[in-house]
Amino acid sequence: MAKSKAETLAWLRTISGELATATIKRLDATLPWYGDMPPGRRSAVGLVAQAGIKSFIQWYEDPSTTTWIASDVFGSAPRELLRSVTLQQTLQLIRVVVEVVEDRVKGADASLREAILLYSREIAFASADVYARAAEARGLWDARLEALVVDSILSGEYDDELPSRIAALGWHGHGEVSVLVGTTPRVLDVDQLRRTARHLQADVLIGVQGNRLVLVIGRSIPAPGSASPAAAAGTDERDGAEQATEPTLSFMDIARALEPGFGPGHLVLGHEVPSLVDASRSAKAALAGFAVARAWRNAPRPALADDLLPERALAGDPLARSTLVNRVYRPLQDQSPELMATLWCYLDNGRSLEATARELYVHPNTVRYRLKRVSQVIGWDATGAREALILQSALILGTMHDHDGAISRK
């Protein structure tokens, strides 16, 4: 004869301790990860299992308590348990508990077996909800922390906690860093930007400041002797070796690949700096270039901040002025008066080799040779229209900053 619900409840309460003991034994016998846990965490898992059995009995008595399942079962678990036990392991734990209870109630009426199936479904959904809420909270915290780190980089106001904040974000960049600034798209797909960066063996920190989207880019190249990202992802050693031999992409190549993730308008890449803690220098250059990029007609997308040095200098950027003087004017001044004079004359004569040669009383081939030497010394080619503007701006600023105010043009 089938038992009444009151009799079934009384019986379940009587065997609850037996069920908890049998569950712990089966966990130890069937789940390797449970046996590898420290004693404290094993005890916490046992408490969760016992709470699950107790919660089922309470729910069987009053199914309207379904919404409290998560708090009933996981309320006794310490916070560190939720961080150390994955959702998959939690579902394995639920499966073991349900199997133990099902084995013990074999032969009971169908309503009890149906209740066990329904409860196991509810507790599985409740477990997923607990982990989803934890992941959401972690994601919101990471987003706030990332915004704080990017703001610190843009302002250049660092403190002793910056390295630990960067580490907490899981930054995988190694070595050099560059900052990319553009407009924020109407719909920002942060995940797509990160996927693109990972595909290029790079890592990014993303910050949104109104209509500006800022990316701090670093190459995620492992240190010598450490596992490659491909190996960590489970690919074979041969694939990892092939990836390790791939040429390193320049920051401009990475910026071009990330360009579709930005909104319409100008896109400016700051110069390369040695490490993430030096990124504020690249950020300042990129921001200054972004502010004046409209003054360069037909500017490429992305454009280098250093290619916008004339516009930045005219806008009053002290970093651009010092860069032009120190990277163009001073090296030429220290190298050779002839090179300086030839460059001045060439630019003043509208980049005409023949006019320059006549004024200097030399052969045009001599002018070509000297211009080639200028390019070797400073890295810019005076025969290009854009680079000629950069060099002429540098000569003007250098002359203005020169103490004696005169430069020989002979």
# chains A, B, ... in the order shown; residues from 1 in each chain; ligands from 1
>>> residues_around(residues="Leu213 (chain A)", least_positions_apart="6", cutoff="7 Å", atoms="only C-alpha atoms", output="number ranges by chain")
A: 181-184, 207
>>> select_by_dssp(residues="region 253-337 of chain A", states="helix (DSSP H, G or I)", output="PDB file with C-alpha atoms, in the first residue's frame")
ATOM      1  CA  ASP A 253      49.453  45.919 -38.709  1.00  0.00           C
ATOM      2  CA  ILE A 254      47.523  45.197 -35.515  1.00  0.00           C
ATOM      3  CA  ALA A 255      45.855  48.626 -35.674  1.00  0.00           C
ATOM      4  CA  ARG A 256      44.722  48.012 -39.261  1.00  0.00           C
ATOM      5  CA  ALA A 257      43.142  44.714 -38.221  1.00  0.00           C
ATOM      6  CA  LEU A 258      41.340  46.395 -35.295  1.00  0.00           C
ATOM      7  CA  GLU A 259      40.178  49.353 -37.422  1.00  0.00           C
ATOM      8  CA  PRO A 260      36.697  47.917 -38.267  1.00  0.00           C
ATOM      9  CA  GLY A 261      35.847  47.928 -34.558  1.00  0.00           C
ATOM     10  CA  LEU A 276      52.660  49.214 -20.117  1.00  0.00           C
ATOM     11  CA  VAL A 277      53.715  51.556 -17.326  1.00  0.00           C
ATOM     12  CA  ASP A 278      55.163  53.860 -20.026  1.00  0.00           C
ATOM     13  CA  ALA A 279      51.940  53.794 -22.064  1.00  0.00           C
ATOM     14  CA  SER A 280      50.912  57.308 -21.009  1.00  0.00           C
ATOM     15  CA  ARG A 281      53.527  58.757 -23.407  1.00  0.00           C
ATOM     16  CA  SER A 282      52.041  56.860 -26.337  1.00  0.00           C
ATOM     17  CA  ALA A 283      48.535  57.799 -25.179  1.00  0.00           C
ATOM     18  CA  LYS A 284      49.353  61.517 -25.017  1.00  0.00           C
ATOM     19  CA  ALA A 285      50.775  61.427 -28.539  1.00  0.00           C
ATOM     20  CA  ALA A 286      47.766  59.502 -29.889  1.00  0.00           C
ATOM     21  CA  LEU A 287      45.266  61.832 -28.206  1.00  0.00           C
ATOM     22  CA  ALA A 288      47.098  64.919 -29.479  1.00  0.00           C
ATOM     23  CA  GLY A 289      47.190  63.465 -32.996  1.00  0.00           C
ATOM     24  CA  PHE A 290      43.510  62.530 -32.860  1.00  0.00           C
ATOM     25  CA  ALA A 291      42.619  66.098 -31.896  1.00  0.00           C
ATOM     26  CA  VAL A 292      44.281  67.580 -35.007  1.00  0.00           C
ATOM     27  CA  ALA A 293      43.923  64.743 -37.534  1.00  0.00           C
ATOM     28  CA  ARG A 294      41.230  66.628 -39.441  1.00  0.00           C
ATOM     29  CA  ALA A 295      43.886  69.139 -40.506  1.00  0.00           C
ATOM     30  CA  ALA A 305      50.790  60.140 -34.300  1.00  0.00           C
ATOM     31  CA  ASP A 306      54.371  60.917 -35.372  1.00  0.00           C
ATOM     32  CA  ASP A 307      53.144  61.644 -38.897  1.00  0.00           C
ATOM     33  CA  LEU A 308      50.945  64.372 -37.376  1.00  0.00           C
ATOM     34  CA  LEU A 309      53.844  66.134 -35.654  1.00  0.00           C
ATOM     35  CA  PRO A 310      53.492  69.398 -37.670  1.00  0.00           C
ATOM     36  CA  GLU A 311      49.776  69.738 -36.875  1.00  0.00           C
ATOM     37  CA  ARG A 312      50.364  68.824 -33.240  1.00  0.00           C
ATOM     38  CA  ALA A 313      53.178  71.365 -32.952  1.00  0.00           C
ATOM     39  CA  LEU A 314      51.003  74.096 -34.466  1.00  0.00           C
ATOM     40  CA  PRO A 318      54.983  70.499 -26.367  1.00  0.00           C
ATOM     41  CA  LEU A 319      55.702  66.782 -26.890  1.00  0.00           C
ATOM     42  CA  ALA A 320      55.444  67.220 -30.681  1.00  0.00           C
ATOM     43  CA  ARG A 321      57.728  70.248 -30.644  1.00  0.00           C
ATOM     44  CA  SER A 322      60.402  68.534 -28.574  1.00  0.00           C
ATOM     45  CA  THR A 323      60.110  65.405 -30.728  1.00  0.00           C
ATOM     46  CA  LEU A 324      60.671  67.365 -33.936  1.00  0.00           C
ATOM     47  CA  VAL A 325      63.649  69.234 -32.520  1.00  0.00           C
ATOM     48  CA  ASN A 326      65.282  66.212 -30.899  1.00  0.00           C
ATOM     49  CA  ARG A 327      64.647  63.695 -33.681  1.00  0.00           C
ATOM     50  CA  VAL A 328      65.319  65.899 -36.707  1.00  0.00           C
ATOM     51  CA  TYR A 329      67.023  69.195 -35.975  1.00  0.00           C
ATOM     52  CA  ARG A 330      69.531  68.146 -33.304  1.00  0.00           C
ATOM     53  CA  PRO A 331      70.754  64.961 -35.061  1.00  0.00           C
ATOM     54  CA  LEU A 332      71.332  66.870 -38.309  1.00  0.00           C
ATOM     55  CA  GLN A 333      73.022  69.700 -36.467  1.00  0.00           C
ATOM     56  CA  ASP A 334      75.346  67.247 -34.734  1.00  0.00           C
ATOM     57  CA  GLN A 335      75.947  65.178 -37.876  1.00  0.00           C
ATOM     58  CA  PRO A 337      76.467  71.368 -41.421  1.00  0.00           C
TER      59      PRO A 337
END
>>> residues_around(residues="region 298-304 of chain A", least_positions_apart="4", cutoff="6 Å", atoms="only C-alpha atoms", output="MDAnalysis selection string")
chainID A and resid 267:269
>>> closest_residue(among="A:Val187, A:Val105, A:Met37, A:Leu391", to="Leu19 (chain A)", atoms="only C-alpha atoms")
A:Val105
>>> residues_around(residues="Ile94 (chain A)", least_positions_apart="2", cutoff="9 Å", atoms="only C-alpha atoms", output="count of residues only")
13
>>> atom_distance(atom1="CA of Val377 (chain A)", atom2="CA of Ala315 (chain A)")
27.0 Å
>>> atom_distance(atom1="CA of Trp171 (chain A)", atom2="CA of Asn211 (chain A)")
24.9 Å
>>> atom_distance(atom1="CA of Ala29 (chain A)", atom2="CA of Arg95 (chain A)")
13.8 Å
>>> decode(residues="region 285-312 of chain A", atoms="N, CA and C atoms", output="tab-separated table (two decimals), in the first residue's frame")
chain	number	residue	atom	x	y	z
A	285	ALA	N	50.51	61.17	-27.12
A	285	ALA	CA	50.77	61.43	-28.54
A	285	ALA	C	49.56	61.07	-29.40
A	286	ALA	N	48.93	59.93	-29.10
A	286	ALA	CA	47.77	59.50	-29.89
A	286	ALA	C	46.59	60.47	-29.70
A	287	LEU	N	46.36	60.90	-28.47
A	287	LEU	CA	45.27	61.83	-28.21
A	287	LEU	C	45.51	63.17	-28.89
A	288	ALA	N	46.77	63.65	-28.83
A	288	ALA	CA	47.10	64.92	-29.48
A	288	ALA	C	46.94	64.80	-30.99
A	289	GLY	N	47.35	63.67	-31.56
A	289	GLY	CA	47.19	63.47	-33.00
A	289	GLY	C	45.73	63.35	-33.40
A	290	PHE	N	44.94	62.67	-32.57
A	290	PHE	CA	43.51	62.53	-32.86
A	290	PHE	C	42.81	63.88	-32.87
A	291	ALA	N	43.25	64.78	-31.99
A	291	ALA	CA	42.62	66.10	-31.90
A	291	ALA	C	42.85	66.95	-33.13
A	292	VAL	N	43.95	66.72	-33.86
A	292	VAL	CA	44.28	67.58	-35.01
A	292	VAL	C	44.26	66.83	-36.33
A	293	ALA	N	43.84	65.57	-36.32
A	293	ALA	CA	43.92	64.74	-37.53
A	293	ALA	C	43.11	65.31	-38.69
A	294	ARG	N	42.06	66.06	-38.37
A	294	ARG	CA	41.23	66.63	-39.44
A	294	ARG	C	42.00	67.64	-40.29
A	295	ALA	N	43.10	68.16	-39.75
A	295	ALA	CA	43.89	69.14	-40.51
A	295	ALA	C	44.74	68.49	-41.59
A	296	TRP	N	44.87	67.17	-41.55
A	296	TRP	CA	45.63	66.46	-42.58
A	296	TRP	C	44.63	65.92	-43.61
A	297	ARG	N	44.55	66.57	-44.74
A	297	ARG	CA	43.63	66.12	-45.78
A	297	ARG	C	44.07	64.75	-46.30
A	298	ASN	N	43.11	63.86	-46.43
A	298	ASN	CA	43.36	62.49	-46.89
A	298	ASN	C	44.28	61.73	-45.95
A	299	ALA	N	44.15	61.99	-44.65
A	299	ALA	CA	44.95	61.24	-43.68
A	299	ALA	C	44.58	59.76	-43.73
A	300	PRO	N	45.56	58.87	-43.67
A	300	PRO	CA	45.24	57.44	-43.69
A	300	PRO	C	44.52	57.04	-42.41
A	301	ARG	N	43.91	55.88	-42.43
A	301	ARG	CA	43.21	55.34	-41.27
A	301	ARG	C	43.68	53.90	-41.08
A	302	PRO	N	44.49	53.63	-40.06
A	302	PRO	CA	44.98	54.55	-39.02
A	302	PRO	C	46.19	55.36	-39.50
A	303	ALA	N	46.40	56.48	-38.82
A	303	ALA	CA	47.58	57.32	-39.06
A	303	ALA	C	48.48	57.26	-37.83
A	304	LEU	N	49.77	57.39	-38.06
A	304	LEU	CA	50.72	57.44	-36.95
A	304	LEU	C	50.71	58.82	-36.31
A	305	ALA	N	50.75	58.85	-35.00
A	305	ALA	CA	50.79	60.14	-34.30
A	305	ALA	C	52.03	60.92	-34.71
A	306	ASP	N	53.14	60.23	-34.97
A	306	ASP	CA	54.37	60.92	-35.37
A	306	ASP	C	54.26	61.53	-36.76
A	307	ASP	N	53.36	61.03	-37.59
A	307	ASP	CA	53.14	61.64	-38.90
A	307	ASP	C	52.30	62.91	-38.80
A	308	LEU	N	51.73	63.16	-37.62
A	308	LEU	CA	50.95	64.37	-37.38
A	308	LEU	C	51.72	65.38	-36.53
A	309	LEU	N	53.03	65.24	-36.48
A	309	LEU	CA	53.84	66.13	-35.65
A	309	LEU	C	53.69	67.61	-36.05
A	310	PRO	N	53.66	67.97	-37.34
A	310	PRO	CA	53.49	69.40	-37.67
A	310	PRO	C	52.18	69.98	-37.14
A	311	GLU	N	51.06	69.26	-37.36
A	311	GLU	CA	49.78	69.74	-36.87
A	311	GLU	C	49.76	69.81	-35.35
A	312	ARG	N	50.33	68.82	-34.70
A	312	ARG	CA	50.36	68.82	-33.24
A	312	ARG	C	51.20	69.99	-32.72
